[in-house]
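Shown next: query14.txt, given as compact mmCIF, C-alpha atoms and all ligand atoms.
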```txt
# COMPACT_ATOMS: atom_id res chain seq x y z
CA MET A 1 41.98 -3.54 -10.61
CA GLU A 2 40.15 -1.73 -7.82
CA LEU A 3 36.35 -1.72 -7.80
CA TRP A 4 34.46 1.06 -6.03
CA TYR A 5 30.76 1.65 -5.42
CA THR A 6 30.07 5.39 -5.70
CA GLU A 7 26.84 7.10 -4.73
CA GLU A 8 25.94 10.71 -5.45
CA HIS A 9 24.71 12.25 -2.21
CA THR A 10 24.25 15.57 -3.99
CA PRO A 11 25.25 16.64 -7.52
CA THR A 12 28.58 17.81 -6.02
CA VAL A 13 29.15 15.27 -3.22
CA ARG A 14 30.00 11.60 -3.67
CA PHE A 15 30.43 8.72 -1.22
CA SER A 16 32.46 5.61 -2.16
CA ILE A 17 33.05 2.13 -0.76
CA LYS A 18 35.74 -0.18 -2.08
CA ILE A 19 34.08 -3.43 -3.07
CA LYS A 20 35.36 -6.99 -3.14
CA GLU A 21 32.76 -8.14 -5.66
CA GLN A 22 29.33 -7.41 -7.08
CA LEU A 23 27.00 -10.28 -6.18
CA LEU A 24 23.94 -9.26 -8.20
CA SER A 25 22.65 -6.66 -10.62
CA LYS A 26 19.01 -6.95 -11.62
CA LYS A 27 16.26 -4.73 -12.92
CA SER A 28 12.83 -5.40 -11.42
CA PRO A 29 9.65 -3.82 -12.82
CA PHE A 30 10.05 -1.14 -10.11
CA GLN A 31 13.75 -0.47 -9.60
CA GLN A 32 17.40 -1.37 -10.22
CA ILE A 33 18.68 -3.78 -7.53
CA ASP A 34 22.41 -4.25 -6.83
CA VAL A 35 24.15 -6.30 -4.16
CA PHE A 36 27.85 -5.92 -3.29
CA ASP A 37 30.37 -7.34 -0.86
CA SER A 38 32.95 -5.07 0.78
CA GLU A 39 35.76 -5.19 3.35
CA GLU A 40 34.49 -2.35 5.53
CA PHE A 41 30.69 -2.70 5.43
CA GLY A 42 30.28 -6.38 4.54
CA ARG A 43 27.40 -7.11 2.16
CA PHE A 44 25.22 -4.22 1.14
CA PHE A 45 22.41 -3.56 -1.30
CA THR A 46 21.25 -0.54 -3.23
CA LEU A 47 18.05 0.39 -5.05
CA ASP A 48 18.33 2.75 -8.01
CA GLY A 49 21.88 3.58 -6.92
CA LEU A 50 20.95 4.51 -3.35
CA MET A 51 22.17 2.68 -0.24
CA MET A 52 19.50 0.66 1.56
CA VAL A 53 21.24 -1.64 4.01
CA THR A 54 24.80 -2.62 4.91
CA GLU A 55 25.74 -5.57 7.07
CA LYS A 56 27.84 -3.31 9.32
CA ASP A 57 25.51 -0.41 10.12
CA GLU A 58 21.95 -1.74 9.51
CA PHE A 59 21.56 -2.35 13.27
CA ILE A 60 21.37 1.40 13.89
CA TYR A 61 18.48 2.02 11.51
CA HIS A 62 16.52 -1.09 12.50
CA ASP A 63 17.01 -0.57 16.25
CA MET A 64 15.76 2.98 15.99
CA ILE A 65 12.80 2.37 13.73
CA VAL A 66 11.48 -0.48 15.93
CA HIS A 67 12.54 -0.08 19.57
CA VAL A 68 11.55 3.58 19.93
CA PRO A 69 7.81 2.92 19.35
CA MET A 70 7.94 -0.45 21.15
CA ALA A 71 9.42 1.11 24.32
CA THR A 72 6.83 3.90 24.16
CA ASN A 73 3.95 1.41 24.07
CA PRO A 74 5.02 -2.12 25.09
CA GLN A 75 1.38 -3.28 24.58
CA ILE A 76 1.71 -3.18 20.78
CA LYS A 77 0.33 -6.41 19.29
CA LYS A 78 -0.52 -5.81 15.65
CA VAL A 79 1.99 -4.12 13.35
CA LEU A 80 2.06 -3.10 9.68
CA VAL A 81 5.44 -2.60 7.99
CA ILE A 82 5.29 -0.72 4.69
CA GLY A 83 8.37 -1.34 2.52
CA GLY A 84 11.12 -2.97 4.57
CA GLY A 85 11.90 -5.57 1.88
CA ASP A 86 15.29 -6.47 3.40
CA GLY A 87 13.49 -7.83 6.49
CA GLY A 88 15.56 -5.95 9.11
CA THR A 89 12.54 -4.19 10.62
CA VAL A 90 10.59 -7.45 10.82
CA ARG A 91 13.62 -9.15 12.39
CA GLU A 92 13.63 -6.63 15.26
CA LEU A 93 9.83 -6.80 15.69
CA THR A 94 9.88 -10.60 16.01
CA ARG A 95 12.07 -10.28 19.11
CA TYR A 96 8.95 -9.15 21.02
CA LYS A 97 6.96 -12.17 22.20
CA THR A 98 4.03 -9.82 22.87
CA ILE A 99 3.61 -8.97 19.18
CA GLU A 100 0.96 -11.31 17.76
CA HIS A 101 0.68 -10.28 14.12
CA ILE A 102 2.98 -8.54 11.62
CA ASP A 103 1.87 -7.60 8.09
CA MET A 104 4.63 -6.48 5.74
CA VAL A 105 3.76 -4.97 2.38
CA ASP A 106 6.53 -4.30 -0.13
CA ILE A 107 5.83 -3.25 -3.70
CA ASP A 108 8.67 -5.40 -5.04
CA GLN A 109 8.74 -9.16 -4.50
CA ILE A 110 12.10 -9.38 -6.29
CA VAL A 111 13.74 -7.24 -3.55
CA VAL A 112 12.43 -9.62 -0.91
CA ASP A 113 13.57 -12.70 -2.86
CA VAL A 114 17.04 -11.22 -3.40
CA CYS A 115 17.38 -10.29 0.28
CA LYS A 116 16.23 -13.75 1.38
CA LYS A 117 19.00 -15.24 -0.71
CA LEU A 118 21.87 -12.78 -0.28
CA LEU A 119 21.20 -10.86 2.95
CA PRO A 120 20.25 -13.53 5.52
CA PHE A 121 21.40 -11.25 8.37
CA THR A 122 18.37 -9.00 7.83
CA SER A 123 15.89 -11.38 6.15
CA LYS A 124 16.19 -14.36 8.49
CA LYS A 125 12.93 -13.72 10.38
CA LEU A 126 10.66 -13.17 7.38
CA SER A 127 9.60 -16.80 7.84
CA ASP A 128 8.38 -16.22 11.42
CA LYS A 129 4.83 -17.58 11.66
CA ARG A 130 3.44 -14.24 12.85
CA VAL A 131 4.61 -12.55 9.62
CA ASN A 132 2.34 -12.16 6.57
CA LEU A 133 3.95 -10.87 3.39
CA TYR A 134 2.03 -8.89 0.76
CA PHE A 135 3.42 -7.64 -2.52
CA GLU A 136 1.64 -4.48 -3.59
CA ASP A 137 1.85 -0.71 -3.33
CA GLY A 138 1.70 0.31 0.35
CA LEU A 139 -0.28 3.40 -0.64
CA LYS A 140 -3.12 1.20 -1.92
CA PHE A 141 -2.78 -1.51 0.74
CA VAL A 142 -3.32 0.83 3.68
CA ARG A 143 -6.50 2.36 2.18
CA ARG A 144 -8.62 -0.65 3.05
CA PHE A 145 -8.11 -0.62 6.85
CA GLU A 146 -9.77 1.19 9.69
CA ASN A 147 -8.86 0.94 13.39
CA GLU A 148 -6.69 -2.11 12.66
CA TYR A 149 -3.04 -1.61 13.72
CA ASP A 150 -1.26 -0.56 16.93
CA LEU A 151 1.83 0.47 14.99
CA ILE A 152 2.62 1.29 11.36
CA ILE A 153 6.29 1.49 10.36
CA VAL A 154 7.07 3.10 7.02
CA ASP A 155 10.44 1.63 6.05
CA SER A 156 10.48 3.04 2.56
CA THR A 157 12.81 4.23 -0.14
CA ASP A 158 13.14 7.98 -0.75
CA PRO A 159 10.26 10.12 -2.05
CA PHE A 160 10.91 9.50 -5.73
CA GLY A 161 10.27 6.41 -7.85
CA PRO A 162 8.06 3.74 -6.22
CA GLY A 163 8.36 5.33 -2.75
CA GLU A 164 6.88 8.68 -3.79
CA GLY A 165 3.31 7.85 -2.77
CA LEU A 166 4.46 6.98 0.76
CA PHE A 167 5.21 10.65 1.45
CA THR A 168 1.82 12.04 0.41
CA LYS A 169 -0.98 13.57 2.43
CA GLU A 170 -3.37 10.89 1.20
CA PHE A 171 -1.06 8.16 2.53
CA TYR A 172 -0.63 9.72 5.99
CA GLY A 173 -4.40 10.24 6.25
CA ASN A 174 -4.99 6.59 5.44
CA CYS A 175 -2.35 5.51 7.99
CA PHE A 176 -4.18 7.61 10.60
CA LYS A 177 -7.43 5.82 9.73
CA ALA A 178 -5.80 2.36 9.75
CA LEU A 179 -4.37 2.92 13.24
CA LYS A 180 -6.25 2.15 16.44
CA LYS A 181 -7.17 5.02 18.75
CA ASP A 182 -3.79 4.84 20.51
CA GLY A 183 -1.82 3.97 17.35
CA ILE A 184 1.71 5.08 16.46
CA LEU A 185 3.20 5.83 13.03
CA VAL A 186 6.99 5.78 12.60
CA ASN A 187 8.65 6.57 9.30
CA GLN A 188 12.10 7.03 7.86
CA HIS A 189 12.29 10.77 7.57
CA GLU A 190 15.32 11.55 5.38
CA ASN A 191 18.33 13.66 6.42
CA PRO A 192 18.24 17.28 7.55
CA TYR A 193 21.63 18.28 6.17
CA TYR A 194 21.42 18.38 2.38
CA GLU A 195 18.72 20.66 0.98
CA SER A 196 17.02 18.17 -1.34
CA TYR A 197 16.54 15.71 1.54
CA SER A 198 15.77 18.41 4.08
CA SER A 199 12.95 19.82 1.99
CA ALA A 200 11.45 16.29 1.68
CA MET A 201 11.75 15.96 5.45
CA ARG A 202 9.97 19.28 6.08
CA ARG A 203 7.21 18.43 3.62
CA ALA A 204 6.62 15.03 5.25
CA HIS A 205 6.56 16.57 8.73
CA LYS A 206 4.02 19.18 7.65
CA ARG A 207 1.73 16.57 6.11
CA ILE A 208 1.91 14.21 9.10
CA LYS A 209 1.16 17.07 11.51
CA GLU A 210 -2.12 17.70 9.75
CA PHE A 211 -3.44 14.39 11.06
CA PHE A 212 -1.65 13.44 14.28
CA PRO A 213 -1.93 15.35 17.59
CA ILE A 214 1.56 14.20 18.65
CA CYS A 215 4.23 14.61 16.02
CA SER A 216 7.97 14.60 16.70
CA VAL A 217 11.22 13.78 14.99
CA TYR A 218 14.20 11.81 16.32
CA GLN A 219 17.67 11.13 15.00
CA ALA A 220 20.42 8.58 14.64
CA HIS A 221 23.92 8.45 13.24
CA ILE A 222 24.02 6.14 10.21
CA PRO A 223 27.44 6.24 8.48
CA THR A 224 26.37 5.03 5.01
CA TYR A 225 23.35 7.33 4.53
CA PRO A 226 23.77 10.80 3.03
CA SER A 227 25.46 13.09 5.60
CA GLY A 228 25.47 10.24 8.16
CA HIS A 229 22.71 12.01 10.08
CA TRP A 230 19.29 10.41 9.71
CA LEU A 231 15.86 11.33 11.00
CA PHE A 232 12.77 9.32 11.87
CA GLY A 233 9.25 10.65 12.29
CA PHE A 234 7.21 9.65 15.35
CA ALA A 235 3.49 10.44 15.08
CA SER A 236 0.89 9.25 17.51
CA LYS A 237 -2.74 9.56 18.52
CA LYS A 238 -2.07 9.21 22.25
CA TYR A 239 1.46 8.37 23.37
CA ASP A 240 4.18 10.95 23.81
CA PRO A 241 7.52 9.29 23.00
CA ILE A 242 9.31 10.94 25.94
CA LYS A 243 6.64 11.27 28.65
CA ASP A 244 5.20 7.82 27.98
CA LEU A 245 8.50 5.98 27.53
CA ASP A 246 8.14 2.84 29.66
CA ALA A 247 11.86 2.33 30.35
CA GLU A 248 11.25 -0.11 33.18
CA ALA A 249 9.06 -2.40 31.08
CA TRP A 250 11.40 -2.25 28.11
CA ASN A 251 14.54 -2.94 30.18
CA ALA A 252 12.78 -5.87 31.88
CA LEU A 253 12.60 -7.54 28.45
CA LYS A 254 16.41 -7.77 28.49
CA LEU A 255 16.72 -7.42 24.73
CA ASP A 256 20.36 -7.25 23.73
CA THR A 257 20.51 -4.24 21.37
CA LYS A 258 23.66 -2.87 19.85
CA TYR A 259 22.50 0.76 19.41
CA TYR A 260 19.23 1.43 21.21
CA ASN A 261 18.91 1.95 24.96
CA THR A 262 16.30 3.84 26.95
CA ASP A 263 18.65 6.78 27.77
CA LEU A 264 19.42 7.20 24.10
CA HIS A 265 15.65 7.01 23.39
CA THR A 266 15.09 10.34 25.13
CA GLY A 267 18.31 11.85 23.82
CA ALA A 268 17.41 11.02 20.22
CA PHE A 269 14.49 13.49 20.38
CA MET A 270 16.85 16.35 21.40
CA LEU A 271 17.57 17.91 18.04
CA PRO A 272 20.30 20.32 16.89
CA ASN A 273 19.16 23.94 16.55
CA TYR A 274 19.26 24.01 12.74
CA VAL A 275 16.99 20.94 12.58
CA LYS A 276 14.60 22.41 15.15
CA LYS A 277 14.45 25.60 13.12
CA ALA A 278 13.78 23.70 9.88
CA LEU A 279 10.90 21.88 11.58
CA GLU A 280 9.55 25.07 13.18
CA GLN A 281 9.34 26.59 9.71
CA VAL A 282 6.56 24.12 8.99
CA ASP A 283 4.92 24.19 12.45
N1 LIG B 301 16.41 1.24 5.13
C1 LIG B 301 16.11 1.74 3.88
C2 LIG B 301 16.45 3.14 3.57
O1 LIG B 301 15.91 4.08 4.16
O2 LIG B 301 17.30 3.31 2.72
C3 LIG B 301 14.77 1.33 3.37
C4 LIG B 301 14.92 -0.09 3.00
S1 LIG B 301 13.64 -1.02 2.35
C5 LIG B 301 14.62 -2.02 1.33
C6 LIG B 301 12.71 -0.01 1.25
C7 LIG B 301 11.66 -0.82 0.53
O3 LIG B 301 10.55 0.00 0.22
C8 LIG B 301 12.11 -1.48 -0.76
O4 LIG B 301 12.13 -2.88 -0.61
C9 LIG B 301 11.06 -1.04 -1.79
O5 LIG B 301 10.68 -2.06 -2.70
C10 LIG B 301 9.91 -0.63 -0.87
N2 LIG B 301 8.95 0.28 -1.47
C11 LIG B 301 9.18 1.39 -2.22
N3 LIG B 301 8.02 1.97 -2.58
C12 LIG B 301 7.02 1.22 -2.03
C13 LIG B 301 5.60 1.32 -2.04
N4 LIG B 301 4.98 2.31 -2.69
N5 LIG B 301 4.89 0.38 -1.36
C14 LIG B 301 5.52 -0.61 -0.68
N6 LIG B 301 6.86 -0.74 -0.65
C15 LIG B 301 7.60 0.15 -1.31
```
Is it possible to give me this structure as structure tokens?
Ligand code: SAM
Amino acid sequence: MELWYTEEHTPTVRFSIKIKEQLLSKKSPFQQIDVFDSEEFGRFFTLDGLMMVTEKDEFIYHDMIVHVPMATNPQIKKVLVIGGGDGGTVRELTRYKTIEHIDMVDIDQIVVDVCKKLLPFTSKKLSDKRVNLYFEDGLKFVRRFENEYDLIIVDSTDPFGPGEGLFTKEFYGNCFKALKKDGILVNQHENPYYESYSSAMRRAHKRIKEFFPICSVYQAHIPTYPSGHWLFGFASKKYDPIKDLDAEAWNALKLDTKYYNTDLHTGAFMLPNYVKKALEQVD
């Protein structure tokens, strides 16, 4: 018997991966968690039937969500990760010796426990001594800080279910307040291709722009996410991600990355015309 994982990318489009076995199926108070093993993508996990991380292509997402802000401001020392329960974002951050403190707040401790057990390739650095884990709603957590972080990374689920609050105006305003005067906010910004995702992307961009003087979007190719074309938001109080890219400093670190490099950094901000147009509609 063949077993397939099938995800609905739209009501009329489906994406399937042949699976070897299902390793876990569990309902937490917040979401349905499933872990699978497959020939093509290795282990992968889903929340509420949506792909979060696969062993084969997670490097693309985690390289792009971490190294783009870090190469723009290599002085970053204190970071807040909101969501990110699989640990991949923290894993990339811990590669920087200059980072002194990482807070990670995920609403769901069960996701983190499952990933620690079944996805060691992403979760292996959650025990780094610079990392502090908090289990609560990121929307509430961020409210209590002012002028605290150099970088906030929103590594969240999509804007429905527990992740909904992480796409609101209130949340972006509180992130602005929690950042230092040269702080950077990076968030996963959905895909521009399918209308339901694209409208979430435009809404998020509009809300972020209300607070941050520098606000751009960059892209990556992620095969297992809807349409394979994924966007990230880059918002900042001071640094421009292209003009202020410190390629020399970043390359001197000699980090061995599988996707990110400093040429691609600039290229990732060069968007296709239909995406530019969609973003201009909200400018
Ligand atoms: N790379 C992923 C993607 O875009 O598909 C995101 C992965 S990460 C696993 C998303 C995490 O966000 C989950 O662990 C989930 O529990 C967490 N999350 C969702 N809503 C949250 C909230 N309001 N506060 C904090 N964490 C939240």
Per residue of chain A within 6 Å of ligand LIG 301 (chain B), record the nearest atom pair and its distance in Å to one decimal, counting all atoms listed in the file, with rows in chain order and ascending residue number, as a tab-separated table.
```
residue	atom	partner	partner_atom	distance
A:Met51	CA	B:LIG301	O2	5.7
A:Met52	CA	B:LIG301	O2	3.6
A:Val53	CA	B:LIG301	N1	5.7
A:Ile82	CA	B:LIG301	C14	5.4
A:Gly83	CA	B:LIG301	O3	3.4
A:Gly84	CA	B:LIG301	S1	3.9
A:Gly85	CA	B:LIG301	O4	3.7
A:Asp86	CA	B:LIG301	C5	5.0
A:Val105	CA	B:LIG301	C14	5.6
A:Asp106	CA	B:LIG301	N6	3.6
A:Ile107	CA	B:LIG301	C14	4.0
A:Asp108	CA	B:LIG301	O5	4.5
A:Val111	CA	B:LIG301	O4	5.5
A:Asp137	CA	B:LIG301	N5	3.8
A:Gly138	CA	B:LIG301	N5	3.6
A:Leu139	CA	B:LIG301	N4	5.7
A:Asp155	CA	B:LIG301	C3	5.1
A:Ser156	CA	B:LIG301	O3	3.8
A:Thr157	CA	B:LIG301	C6	4.5
A:Pro162	CA	B:LIG301	N3	4.0
A:Gly163	CA	B:LIG301	N3	3.4
A:Gly165	CA	B:LIG301	N4	5.8
A:Leu166	CA	B:LIG301	N4	5.8
```
All residues 8 Å or closer to Met70 in chain A, only C-alpha atoms, same chain fewer than 5 positions away omitted, as JSON, numbers by chain: {"A": [75, 76, 250]}
Smallest atom-to-atom distance to Gly173 in chain A: which of A:Asp244, A:Glu146, A:Asp263, A:Glu21, using only C-alpha atoms?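 Among the listed residues, A:Glu146 lies closest to Gly173 in chain A.
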Counting all atoms listed in the file, which residue out of A:His229, A:Arg130, A:Arg143, A:Arg91 sits closest to His62 in chain A?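 Going through A:His229, A:Arg130, A:Arg143, A:Arg91 one by one, the smallest distance to His62 in chain A is for A:Arg91.
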At what distance in Å, to one decimal, does CA of Glu39 in chain A lie from CA of Gln22 in chain A? 12.5 Å
Best match for closeness to Lys209 in chain A among A:Ser127, A:Asn191, A:Ser236, A:Thr72, counting all atoms listed in the file: A:Ser236
Pick from A:Tyr218, A:Tyr239, A:Phe45, A:Tyr5 nearest to Leu271 in chain A, counting all atoms listed in the file: A:Tyr218
Place a sphere of radius 9 Å on (27.1, 3.1, 9.6) in the file coordinates and name every protein, DNA or RNA residue with an atom inside or on its surface, counting only C-alpha atoms; give the answer as a PDB file with C-alpha atoms, keeping the file's coordinate frame.
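As written to disk, selection-v1.pdb reads:
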```pdb
ATOM      1  CA  PHE A  41      30.690  -2.700   5.430  1.00  0.00           C
ATOM      2  CA  THR A  54      24.800  -2.620   4.910  1.00  0.00           C
ATOM      3  CA  LYS A  56      27.840  -3.310   9.320  1.00  0.00           C
ATOM      4  CA  ASP A  57      25.510  -0.410  10.120  1.00  0.00           C
ATOM      5  CA  GLU A  58      21.950  -1.740   9.510  1.00  0.00           C
ATOM      6  CA  PHE A  59      21.560  -2.350  13.270  1.00  0.00           C
ATOM      7  CA  ILE A  60      21.370   1.400  13.890  1.00  0.00           C
ATOM      8  CA  TYR A  61      18.480   2.020  11.510  1.00  0.00           C
ATOM      9  CA  HIS A 221      23.920   8.450  13.240  1.00  0.00           C
ATOM     10  CA  ILE A 222      24.020   6.140  10.210  1.00  0.00           C
ATOM     11  CA  PRO A 223      27.440   6.240   8.480  1.00  0.00           C
ATOM     12  CA  THR A 224      26.370   5.030   5.010  1.00  0.00           C
ATOM     13  CA  TYR A 225      23.350   7.330   4.530  1.00  0.00           C
ATOM     14  CA  GLY A 228      25.470  10.240   8.160  1.00  0.00           C
TER      15      GLY A 228
END
```
Go through A:Ser199, A:Lys237, A:Thr262, A:His101 and flag the residue nearest Gln281 in chain A, using all atoms listed in the file for the distances.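 Ranking A:Ser199, A:Lys237, A:Thr262, A:His101 by distance to Gln281 in chain A, first place goes to A:Ser199.
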For the atom pair CA of Glu40 in chain A and CA of Gly161 in chain A, what is the interatomic distance in Å to one decimal place? 29.0 Å
For a quick check of understanding, using all atoms listed in the file, which of A:Thr257, A:Ser16, A:Thr122, A:Thr89 has the smallest distance to Asn187 in chain A?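 Checking each candidate against Asn187 in chain A, we get A:Thr89 as the closest.
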Could you give me, as JSON, numbers by chain, the residues that have an atom at most 9 Å away from the point (21.6, -0.6, -5.5) in the coordinates of the file, using all atoms listed in the file? {"A": [25, 31, 32, 33, 34, 35, 36, 44, 45, 46, 47, 48, 49, 50, 51, 52]}
Prev. selection, C-alpha atoms, output as a compact mmCIF listing (two decimals), keeping the file's coordinate frame:
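Final output, selection_13.txt:
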```
# COMPACT_ATOMS: atom_id res chain seq x y z
CA SER A 25 22.65 -6.66 -10.62
CA GLN A 31 13.75 -0.47 -9.60
CA GLN A 32 17.40 -1.37 -10.22
CA ILE A 33 18.68 -3.78 -7.53
CA ASP A 34 22.41 -4.25 -6.83
CA VAL A 35 24.15 -6.30 -4.16
CA PHE A 36 27.85 -5.92 -3.29
CA PHE A 44 25.22 -4.22 1.14
CA PHE A 45 22.41 -3.56 -1.30
CA THR A 46 21.25 -0.54 -3.23
CA LEU A 47 18.05 0.39 -5.05
CA ASP A 48 18.33 2.75 -8.01
CA GLY A 49 21.88 3.58 -6.92
CA LEU A 50 20.95 4.51 -3.35
CA MET A 51 22.17 2.68 -0.24
CA MET A 52 19.50 0.66 1.56
```
Could you work out how far CA of His189 in chain A lies from CA of Val275 in chain A, giving the answer in Å with one decimal?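 Distance between the two atoms: 12.3 Å.
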If we count only C-alpha atoms and set the cut-off at 12 Å, which residues sit around Phe269 in chain A, ignoring sequence neighbours fewer than 5 positions away in its own chain? Please answer as a count of residues only. 22
Centre and edge lengths of an axis-aligned box around all listed atoms of range 138-144 of chain A, with 6 Å added on each side, are to be given in Å to one decimal, as AutoDock Vina command-line options.
```
--center_x -3.5 --center_y 0.9 --center_z 0.9 --size_x 22.3 --size_y 16.9 --size_z 17.6
```
Show me, as an MDAnalysis selection string, the residues that have an atom within 10 Å of Lys169 in chain A when counting only C-alpha atoms, minus same-chain residues fewer than 2 positions from it. chainID A and resid 165:167 171:175 203:204 206:211
When you look at Met104 in chain A with a cut-off of 8 Å (counting all atoms listed in the file), what residues show up, excluding the ones that are within fewer than 3 positions of it in the same chain? I need them as JSON, numbers by chain. {"A": [80, 81, 82, 83, 84, 90, 131, 132, 133, 134]}
